[in-house]
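A quick write-up on the structure given underneath.
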Amino acid sequence: MSGWSWTSWPSREGLERDAESPARRALTLIGRTVLLVTVVWGTYSRGGYAGWGSVAAAAGLAAAVLLAAAFLRVSRAQLLRPALLLAAALICGAWLAEWGRAYVLADFVWGGLAVTALVRLPAGPALATAVAAFGCYTAASWESRLAIAATVGGLALLGYLLRLDTEARGTARRLLAQERAARAAEAESAALAERARIAREIHDVLAHSLSAQLVHLEAARLMLDAGTDREQVRERVVAARRMALDGLTETRQALSALRGEFTPVGEFLVELTGRDRVALSVTGTPRPLPAEAGLAVRRTAQEALTNVRKHAPGARCTLELRYLPDTVELEVRNTRSGRGESAGGLAASGSGYGLLGMRERAELLDGTLLAGPDEGGWRVLLRVPA
């Protein structure tokens, strides 16, 4: 495994306290408490300490606990030199305990140091520390060789298994962090896509409504400059007002579309072409369209007719909706202005986003949008799967 190289530290993520479950932390606390009680009881149960001897034994126990806590802290911080110095101090302190007849304390210090080093230190220093601790235990123990071998082998296996567990928990934490980062990136991407969709909706609705108002208001301005009868100017202003009300209705429809509430495409196109006096034809068998495909047809029709009003006012325009087996097509054609009207300032009133927005909307659905000159006029063809 990658973490068991000679110089690499074990996974730091696996040693962090928040990497442990509450049950594991509780078991760790209980285990250390039982270990401490066992060591204290084993030290004093023989009755070999009295007076100042008891004080010296208590001081030795406190020193061992402090050194062990310091070793755990510096090894978690992955500081090799302080960890090795503390390990050496623990080994020497265990020999002092052995000399002072605190045999249980000495054995627990050597065994615990070996296991902890195997779990927390790089493989090379861990093996060296474990060999030193087990060597001291073997040299000082009065047990049989079989018992010593079983103890050393069991503790070494325990240390190795705990190291594997630490690496596994560290790997799990890294994978979890990567998954969270990926989810955050996906959420951000989805938010950006949703913002782009809302931007297209706002543009399509406002461009369609405001351009219609601009047509009538510009005409009213020209009539005022030319001294035209006030009644005709009033008609233009009333028409602009009606377009504003229509824009408000379309805005509400756009909000409904963003919530996933759609009117049938056919009804929408009939209403749209009726307002703009555009010839509408439908071929194929009408059928319900997927939400995104239907929205693409609506917005493309609105944008195409808006462009006709802006760039070719008075031109004859036709709109055809074709229901094909696996796709739906929308074609909008217009000729040159039949009354010689000029677009004037209206052609420059847009943001230039309309055609780009229509094409982006089609490509998001794996469709296509073609737009360009056609027989002296302009042609827009939308094709999307449906």
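Going by the structure tokens order, chains are called A, B, ..., each with residues numbered from 1, while ligands are numbered from 1 in the order shown.
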- Task: Do a neighbour search on Met358 of chain A at 8 Å with only C-alpha atoms, toss out local chain neighbours closer than 5 positions, and write the hits as a PyMOL selection string.
- Result: chain A and resi 296+299-300+303+369
- Contacts of Pro10 of chain A within 12 Å, only C-alpha atoms, excl. fewer than 4 positions in-chain, as a PyMOL selection string: chain A and resi 1-6+14-16+75-78+116-126+160+162-171
- Residue with smallest distance to Pro313 of chain A - pool A:Val215, A:Ala94, A:Leu370, A:Leu27, counting only C-alpha atoms: A:Val215
- Item | Computed interatomic separation between atom CA of Leu355 of chain A and atom CA of Ala187 of chain A (Å) |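 A separation of 27.8 Å between them.
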- When you draw a straight line from atom CA of Thr285 of chain A to atom CA of Arg359 of chain A, how long is it in Å?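 Interatomic distance, atom CA of Thr285 of chain A to atom CA of Arg359 of chain A: 25.6 Å.
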